[in-house]
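*Asks:* Dropping a structure here in structure tokens format, bear with me for questions.
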Amino acid sequence: MAAPIVGFPRNAACIRGCLQLRWDTKRPSLYTLGFSKFVRSLSTSSTVQHDYDLVVVGGGSGGLACSKEAAQLGARVLVLDYVDPSPRGSRWGLGGCCVNVGCIPKKLMHHAALLGHAVQDAKKYGWNAHVDPTVDWTTLTTVVQQHVKSLNWGHRVQLKDKQVDYQNAKGSLLDPHTVRVLSANGKEKTVTASNIVLAVGGRPKYPDIPGAMEHAITSDDLFMLEKPPGKTLVIGASYVSLECAGFLTGLGFDTTVMIRSIPLRGFDRQMADLVTDHMEGSGTRFLRQHVPVAIDKTDSGQLQVTWRDGSGQEGQGTFDTVMMAVGRFANTGTLGLDTVGVEWYSESGKVIGRDENPEQSSVPHIFAIGDILHGRPELTPVAIKAGRLLAHRLFAATREHMDYDKVPTTVFTPLEYGSVGLSEEAALERFGPDKVEIYHAFYKPLEYYIPERDASQCYIKAVCKRDGDQEIVGLHFLGPNAGEVTQGFAVALRSGLTYQQLASSVGIHPTCAEEVVKMGITKRSGLDPTVTGC
């Protein structure tokens with residue numbers, strides 16, 4: 001039977017916490033939720049009573065996760081979220097980049113493009129599909145936006161259910177515990193909080209060239225275009241650029257990518273080159289070592305782009321749509337970081353965290369999570385995890401911090417690229433060439449044989465330490481459903497997976513994932529890594 005623990009409350013919240021506090025006799029090391037509320041009441045009690053225990057500025061994935069988790073732990077929480085329209089006037093609702101103009105609509109359009117290829121493959125499998133598939137852009141964008149809006153509404157319902165206050169308003173810092181709230185209708189007020197979390201995310205950059213802001217779109221606009229994009233130039237070599245160019249090509253639009261230097265900077269170089277090789281083979285054109293100089297609108301309404309190549313020679317091309325994907329900046333410019341002494345990088349807008357507490361800013365009660373935190377992966381699941389853990393440290397007295405090592409991710413290009421851990425280049429630099437072993441394999445998915453699809457870029461490699469049982473420090477997979485494959489192996493890598501353990505595992509046949517556990521040829525050997533047989 002649970003035995004009560006008596007405490008001495010200092011306020012009403014503390015009284016409730018003490019009344020709910022019980023020792024778990026089955027697991028004596030754990031307390032029930034009442035203890036979390038008790039700890040919160042002690043940690044937030046002071047001679048100054050604030051309006052909220054937590055104010056979250058930014059209603060994206062990280063901010064929402066943090067706010068809901070804090071509320072579950074008994075905190076009084078306010079979320080402020082307001083989206084400035086893009087230069088082209090695009091607007092969206094609660095949920096941040098991922099829900100509205102990132103992961104969700106991107107993955108749906110990627111899937112739509114894959115379905116078009118599947119219809120072509122179906123003919124080889126005996127389906128009577130006599131008409132070549134074409135996409136209705138209006139239908140596609142309508143259903144995508146309907147799903148996005150359902151998620152917007154779902155987030156609002158969740159906040160209400162968890163008793164989180166929400167305001168469609170901008171927040172900025174006046175002092176370490178005071179936030180200025182500017183609503184959409186221009187009304188202004190201030191609120192105070194014991195803790196403030198900044199989670200405003202990022203927005204796409206525009207290059208400083210004539211006509212860019214006036215005529216180009218970004219990923220903030222692509223998924224809401226009322227008219228089909230037509231012949232499109234995507235400028236940039238980021239994963240956003242390649243993903244969008246990939247599904248546009250797959251949907252049947254003439255698409256070109258302009259790259260200044262290298263594709264997918266920060267990813268494994270061999271894998272990045274294989275990604276773009278596959279895209280070129282699938283119909284996407286590439287202008288390599290090119291930079292845009294100007295964008296002009298012609299009398300016909302098309303866009304004439306002037307560029308310069310690596311040798312300094314200028315050229316031109318005409319397009320229906322030009323999309324910028326040259327990187328993103330942290331949307332922190334109006335937060336008033338300097339006003340309260342939060343350290344940040346002016347060039348990127350990113351907040352500088354502490355070594356011992358990565359999400360804590362230079363001001364003790366102000367935190368940053370997600371894409372605005374310097375030196376951390378700009379990924380939705382990272383922001384969500386960091387936000388939840390932060391809420392527990394603030395209101396449940398836990399000590400667990402976000403582990404930013406071995407974070408998996410997938411680039412949803414037509415041939416998907418999943419990775420976790422170190423690239424080959426990073427491993428060689430960290431450990432040295434003599435202490436790294438690379439296992440690799442080229443393989444052909446079973447589904448590719450009947451439609452005679454090209455599989456020359458389907459490739460896997462494991463980056464291992466050479467000594468002992470050969471700990472795997474990086475895994476890279478290029479092929480169908482890469483995200484699904486990589487997620488499972490990422491758990492194993494975080495648990496210290498070795499090559500010996502990988503090789504001793506039994507694969508599931510016939511799958512692409514089984515080729516990961518079957519890898520047995522090293523780069524050092526010089527042998528052909530192409531998989532033969534079934």
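Convention: chains lettered A, B, ... in structure tokens order; per-chain residue numbering from 1; ligands numbered from 1 as shown.
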Tell me, as a PyMOL selection string, which residues lie within 12 Å of A:Gln360, counting only C-alpha atoms; anything in the same chain fewer than 5 positions away does not count.

*Replies:* chain A and resi 195-198+342-344+351-355+365-369+373-374+386-387+390+393-394+401-402

*Asks:* Quick one: which stretch 188-284 of chain A residues come within 8 Å of stretch 416-425 of chain A, and what is the nearest atom pair for each with the distance in Å to one decimal, counting only C-alpha atoms, rows ordered by chain and ascending number, as JSON lines?

*Replies:*
```
{"residue": "A:Phe267", "atom": "CA", "partner": "A:Ser423", "partner_atom": "CA", "distance": 6.4}
{"residue": "A:Asp268", "atom": "CA", "partner": "A:Ser423", "partner_atom": "CA", "distance": 4.6}
{"residue": "A:Arg269", "atom": "CA", "partner": "A:Glu425", "partner_atom": "CA", "distance": 7.6}
{"residue": "A:Met271", "atom": "CA", "partner": "A:Tyr417", "partner_atom": "CA", "distance": 7.7}
{"residue": "A:Val275", "atom": "CA", "partner": "A:Tyr417", "partner_atom": "CA", "distance": 7.4}
```

*Asks:* Take the residues from that selection and write them out as a PDB file, in the first residue's frame, keeping all heavy atoms.

*Replies:*
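part_10.pdb written:
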```
ATOM      1  N   PHE A 267      27.020  16.091 -45.626  1.00  0.00           N
ATOM      2  CA  PHE A 267      26.729  14.664 -45.744  1.00  0.00           C
ATOM      3  C   PHE A 267      27.935  13.941 -46.355  1.00  0.00           C
ATOM      4  O   PHE A 267      28.879  14.576 -46.836  1.00  0.00           O
ATOM      5  CB  PHE A 267      25.498  14.432 -46.626  1.00  0.00           C
ATOM      6  CG  PHE A 267      24.195  14.821 -45.972  1.00  0.00           C
ATOM      7  CD1 PHE A 267      23.720  16.123 -46.051  1.00  0.00           C
ATOM      8  CD2 PHE A 267      23.441  13.879 -45.291  1.00  0.00           C
ATOM      9  CE1 PHE A 267      22.522  16.485 -45.461  1.00  0.00           C
ATOM     10  CE2 PHE A 267      22.235  14.221 -44.702  1.00  0.00           C
ATOM     11  CZ  PHE A 267      21.771  15.527 -44.775  1.00  0.00           C
ATOM     12  N   ASP A 268      27.890  12.624 -46.349  1.00  0.00           N
ATOM     13  CA  ASP A 268      28.944  11.821 -46.957  1.00  0.00           C
ATOM     14  C   ASP A 268      29.061  12.163 -48.439  1.00  0.00           C
ATOM     15  O   ASP A 268      28.075  12.168 -49.174  1.00  0.00           O
ATOM     16  CB  ASP A 268      28.597  10.334 -46.775  1.00  0.00           C
ATOM     17  CG  ASP A 268      29.710   9.421 -47.229  1.00  0.00           C
ATOM     18  OD1 ASP A 268      29.800   9.153 -48.445  1.00  0.00           O
ATOM     19  OD2 ASP A 268      30.485   8.966 -46.374  1.00  0.00           O
ATOM     20  N   ARG A 269      30.271  12.446 -48.884  1.00  0.00           N
ATOM     21  CA  ARG A 269      30.470  12.933 -50.245  1.00  0.00           C
ATOM     22  C   ARG A 269      30.116  11.877 -51.283  1.00  0.00           C
ATOM     23  O   ARG A 269      29.498  12.178 -52.308  1.00  0.00           O
ATOM     24  CB  ARG A 269      31.934  13.363 -50.448  1.00  0.00           C
ATOM     25  CG  ARG A 269      32.320  14.561 -49.651  1.00  0.00           C
ATOM     26  CD  ARG A 269      31.983  15.908 -50.275  1.00  0.00           C
ATOM     27  NE  ARG A 269      30.909  15.982 -51.202  1.00  0.00           N
ATOM     28  CZ  ARG A 269      29.654  16.350 -50.874  1.00  0.00           C
ATOM     29  NH1 ARG A 269      29.319  16.621 -49.633  1.00  0.00           N
ATOM     30  NH2 ARG A 269      28.728  16.458 -51.778  1.00  0.00           N
ATOM     31  N   MET A 271      28.012   9.430 -51.064  1.00  0.00           N
ATOM     32  CA  MET A 271      26.565   9.256 -51.084  1.00  0.00           C
ATOM     33  C   MET A 271      25.883  10.438 -51.774  1.00  0.00           C
ATOM     34  O   MET A 271      24.940  10.262 -52.553  1.00  0.00           O
ATOM     35  CB  MET A 271      26.029   9.094 -49.663  1.00  0.00           C
ATOM     36  CG  MET A 271      26.666   7.975 -48.853  1.00  0.00           C
ATOM     37  SD  MET A 271      26.564   6.332 -49.620  1.00  0.00           S
ATOM     38  CE  MET A 271      24.828   5.967 -49.462  1.00  0.00           C
ATOM     39  N   VAL A 275      23.459  10.396 -55.084  1.00  0.00           N
ATOM     40  CA  VAL A 275      22.114  10.989 -55.090  1.00  0.00           C
ATOM     41  C   VAL A 275      21.905  11.822 -56.340  1.00  0.00           C
ATOM     42  O   VAL A 275      20.898  11.682 -57.052  1.00  0.00           O
ATOM     43  CB  VAL A 275      21.890  11.840 -53.824  1.00  0.00           C
ATOM     44  CG1 VAL A 275      20.643  12.716 -53.970  1.00  0.00           C
ATOM     45  CG2 VAL A 275      21.738  10.956 -52.591  1.00  0.00           C
TER      46      VAL A 275
END
```

*Asks:* Hey, what's within 12 Å of A:Glu347 if we count only C-alpha atoms and toss same-chain stuff fewer than 5 positions away? As JSON, numbers by chain, please?

*Replies:* {"A": [205, 328, 329, 330, 331, 332, 333, 374]}

*Asks:* What lies within 7 Å of A:Lys189 using only C-alpha atoms, ignoring chain neighbours under 4 positions off, as a ChimeraX atom specification?

*Replies:* /A:180-182

*Asks:* If we count only C-alpha atoms, what is near A:Tyr52 at a cut-off of 12 Å, once residues fewer than 5 positions away on the same chain are taken out, given as a list of chain:residue names?

*Replies:*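 So the residues in contact are A:Thr44, A:Ser45, A:Ser67, A:Ala70, A:Ala71, A:Gly74, A:Ala75, A:Arg76, A:Val77, A:Leu78, A:Val79, A:Val164, A:Asp165, A:His177, A:Thr178, A:Val179, A:Thr190, A:Val191, A:Thr192, A:Ala193, A:Ser194, A:Asn195, A:Ile196.
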
*Asks:* Would you save the residues from that selection as a PDB file, in the first residue's frame, using N, CA and C atoms?

*Replies:*
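Saved result, selection_15.pdb, follows:
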```pdb
ATOM      1  N   THR A  44       9.957  26.839  -8.774  1.00  0.00           N
ATOM      2  CA  THR A  44       9.436  28.068  -9.367  1.00  0.00           C
ATOM      3  C   THR A  44       8.910  29.049  -8.333  1.00  0.00           C
ATOM      4  N   SER A  45       8.867  28.631  -7.066  1.00  0.00           N
ATOM      5  CA  SER A  45       8.392  29.540  -6.031  1.00  0.00           C
ATOM      6  C   SER A  45       9.444  30.603  -5.761  1.00  0.00           C
ATOM      7  N   SER A  67       5.923  22.765 -24.672  1.00  0.00           N
ATOM      8  CA  SER A  67       4.798  23.372 -23.947  1.00  0.00           C
ATOM      9  C   SER A  67       3.832  22.305 -23.434  1.00  0.00           C
ATOM     10  N   ALA A  70       5.417  20.327 -20.543  1.00  0.00           N
ATOM     11  CA  ALA A  70       5.454  21.127 -19.319  1.00  0.00           C
ATOM     12  C   ALA A  70       4.079  21.200 -18.672  1.00  0.00           C
ATOM     13  N   ALA A  71       3.046  21.374 -19.492  1.00  0.00           N
ATOM     14  CA  ALA A  71       1.689  21.433 -18.954  1.00  0.00           C
ATOM     15  C   ALA A  71       1.288  20.119 -18.313  1.00  0.00           C
ATOM     16  N   GLY A  74       2.254  19.928 -14.848  1.00  0.00           N
ATOM     17  CA  GLY A  74       1.608  20.856 -13.925  1.00  0.00           C
ATOM     18  C   GLY A  74       1.988  22.307 -14.085  1.00  0.00           C
ATOM     19  N   ALA A  75       2.809  22.634 -15.080  1.00  0.00           N
ATOM     20  CA  ALA A  75       3.219  24.023 -15.268  1.00  0.00           C
ATOM     21  C   ALA A  75       2.130  24.852 -15.940  1.00  0.00           C
ATOM     22  N   ARG A  76       2.124  26.145 -15.628  1.00  0.00           N
ATOM     23  CA  ARG A  76       1.244  27.099 -16.311  1.00  0.00           C
ATOM     24  C   ARG A  76       2.005  27.602 -17.540  1.00  0.00           C
ATOM     25  N   VAL A  77       1.457  27.346 -18.716  1.00  0.00           N
ATOM     26  CA  VAL A  77       2.219  27.546 -19.950  1.00  0.00           C
ATOM     27  C   VAL A  77       1.450  28.431 -20.931  1.00  0.00           C
ATOM     28  N   LEU A  78       2.192  29.309 -21.585  1.00  0.00           N
ATOM     29  CA  LEU A  78       1.662  30.131 -22.675  1.00  0.00           C
ATOM     30  C   LEU A  78       2.510  29.897 -23.915  1.00  0.00           C
ATOM     31  N   VAL A  79       1.864  29.671 -25.057  1.00  0.00           N
ATOM     32  CA  VAL A  79       2.539  29.567 -26.351  1.00  0.00           C
ATOM     33  C   VAL A  79       2.172  30.769 -27.207  1.00  0.00           C
ATOM     34  N   VAL A 164      -2.963  24.482 -22.166  1.00  0.00           N
ATOM     35  CA  VAL A 164      -1.903  25.415 -22.543  1.00  0.00           C
ATOM     36  C   VAL A 164      -2.557  26.636 -23.176  1.00  0.00           C
ATOM     37  N   ASP A 165      -2.252  27.815 -22.655  1.00  0.00           N
ATOM     38  CA  ASP A 165      -2.763  29.037 -23.266  1.00  0.00           C
ATOM     39  C   ASP A 165      -2.049  29.270 -24.591  1.00  0.00           C
ATOM     40  N   HIS A 177      12.628  37.962 -17.619  1.00  0.00           N
ATOM     41  CA  HIS A 177      11.391  37.282 -17.247  1.00  0.00           C
ATOM     42  C   HIS A 177      10.147  37.931 -17.856  1.00  0.00           C
ATOM     43  N   THR A 178      10.335  38.892 -18.761  1.00  0.00           N
ATOM     44  CA  THR A 178       9.185  39.613 -19.314  1.00  0.00           C
ATOM     45  C   THR A 178       9.174  39.520 -20.835  1.00  0.00           C
ATOM     46  N   VAL A 179       7.998  39.180 -21.378  1.00  0.00           N
ATOM     47  CA  VAL A 179       7.826  39.045 -22.821  1.00  0.00           C
ATOM     48  C   VAL A 179       6.781  40.044 -23.302  1.00  0.00           C
ATOM     49  N   THR A 190       2.179  42.805 -21.965  1.00  0.00           N
ATOM     50  CA  THR A 190       3.356  42.088 -21.470  1.00  0.00           C
ATOM     51  C   THR A 190       2.913  40.960 -20.550  1.00  0.00           C
ATOM     52  N   VAL A 191       3.692  39.892 -20.545  1.00  0.00           N
ATOM     53  CA  VAL A 191       3.486  38.787 -19.608  1.00  0.00           C
ATOM     54  C   VAL A 191       4.833  38.447 -18.995  1.00  0.00           C
ATOM     55  N   THR A 192       4.799  37.889 -17.794  1.00  0.00           N
ATOM     56  CA  THR A 192       6.035  37.473 -17.135  1.00  0.00           C
ATOM     57  C   THR A 192       6.040  35.962 -16.971  1.00  0.00           C
ATOM     58  N   ALA A 193       7.241  35.411 -16.904  1.00  0.00           N
ATOM     59  CA  ALA A 193       7.377  33.965 -16.800  1.00  0.00           C
ATOM     60  C   ALA A 193       8.632  33.613 -16.024  1.00  0.00           C
ATOM     61  N   SER A 194       8.568  32.510 -15.286  1.00  0.00           N
ATOM     62  CA  SER A 194       9.754  32.025 -14.589  1.00  0.00           C
ATOM     63  C   SER A 194      10.806  31.539 -15.574  1.00  0.00           C
ATOM     64  N   ASN A 195      10.335  30.949 -16.681  1.00  0.00           N
ATOM     65  CA  ASN A 195      11.237  30.430 -17.723  1.00  0.00           C
ATOM     66  C   ASN A 195      10.679  30.786 -19.093  1.00  0.00           C
ATOM     67  N   ILE A 196      11.587  31.027 -20.023  1.00  0.00           N
ATOM     68  CA  ILE A 196      11.205  31.375 -21.395  1.00  0.00           C
ATOM     69  C   ILE A 196      11.954  30.453 -22.346  1.00  0.00           C
TER      70      ILE A 196
END
```

*Asks:* If we count only C-alpha atoms, what is near A:Thr410 at a cut-off of 12 Å, once residues fewer than 5 positions away on the same chain are taken out, given as an MDAnalysis selection string?

*Replies:* chainID A and resid 103 107 239:240 243 264 267 271:272 275 379:381 415:420 475:487 490

*Asks:* Looking only at helix (DSSP H, G or I) from DSSP on the backbone, list the matching residues of stretch 135-276 of chain A as a ChimeraX atom specification.

*Replies:* /A:137-161,212-215,219-222,239-250,269-276

*Asks:* Rounded to one decimal, what separation in Å do you get between atom CA of A:Asp299 and atom CA of A:Ala212?

*Replies:*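 Separation of atom CA of A:Asp299 and atom CA of A:Ala212: 17.5 Å.
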
*Asks:* Given only C-alpha atoms as the basis, pick out the residue of A:Pro292, A:Gly327, A:Pro364, A:Gly246 nearest to A:Ser348.

*Replies:*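 Among the listed residues, the smallest separation from A:Ser348 belongs to A:Gly327.
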
*Asks:* Which is closer to A:Val326 than all the others in A:Asp208, A:Asp371, A:Asp121, A:Glu356, using only C-alpha atoms?

*Replies:*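 Smallest distance to A:Val326 is found for A:Asp208.
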
*Asks:* Which of these residues is nearest to A:Glu378, using only C-alpha atoms: A:Gly312, A:Ile521, A:Asn185, A:Gly102?

*Replies:*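 Smallest separation from A:Glu378 among the options: A:Gly102.
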
*Asks:* Neighbours of A:Ala216 within 8 Å (only C-alpha atoms; same-chain residues fewer than 5 positions away dropped), as number ranges by chain?

*Replies:* A: 211, 321-324

*Asks:* Which is closer to A:Leu248 than all the others in A:Leu73, A:Leu335, A:Leu114, A:Val157, using only C-alpha atoms?

*Replies:*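 Checking each of A:Leu73, A:Leu335, A:Leu114, A:Val157 against A:Leu248, counting only C-alpha atoms, the winner is A:Leu114.
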
*Asks:* If you measure from atom CA of A:Asp454 to atom CA of A:Thr276, what distance in Å do you get, rounded to one decimal?

*Replies:* 14.2 Å

*Asks:* Using atom CA of A:Pro510 and atom CA of A:Leu446 as the two end points, give the distance in Å to one decimal.

*Replies:*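 That distance, rounded to one decimal, is 7.3 Å.
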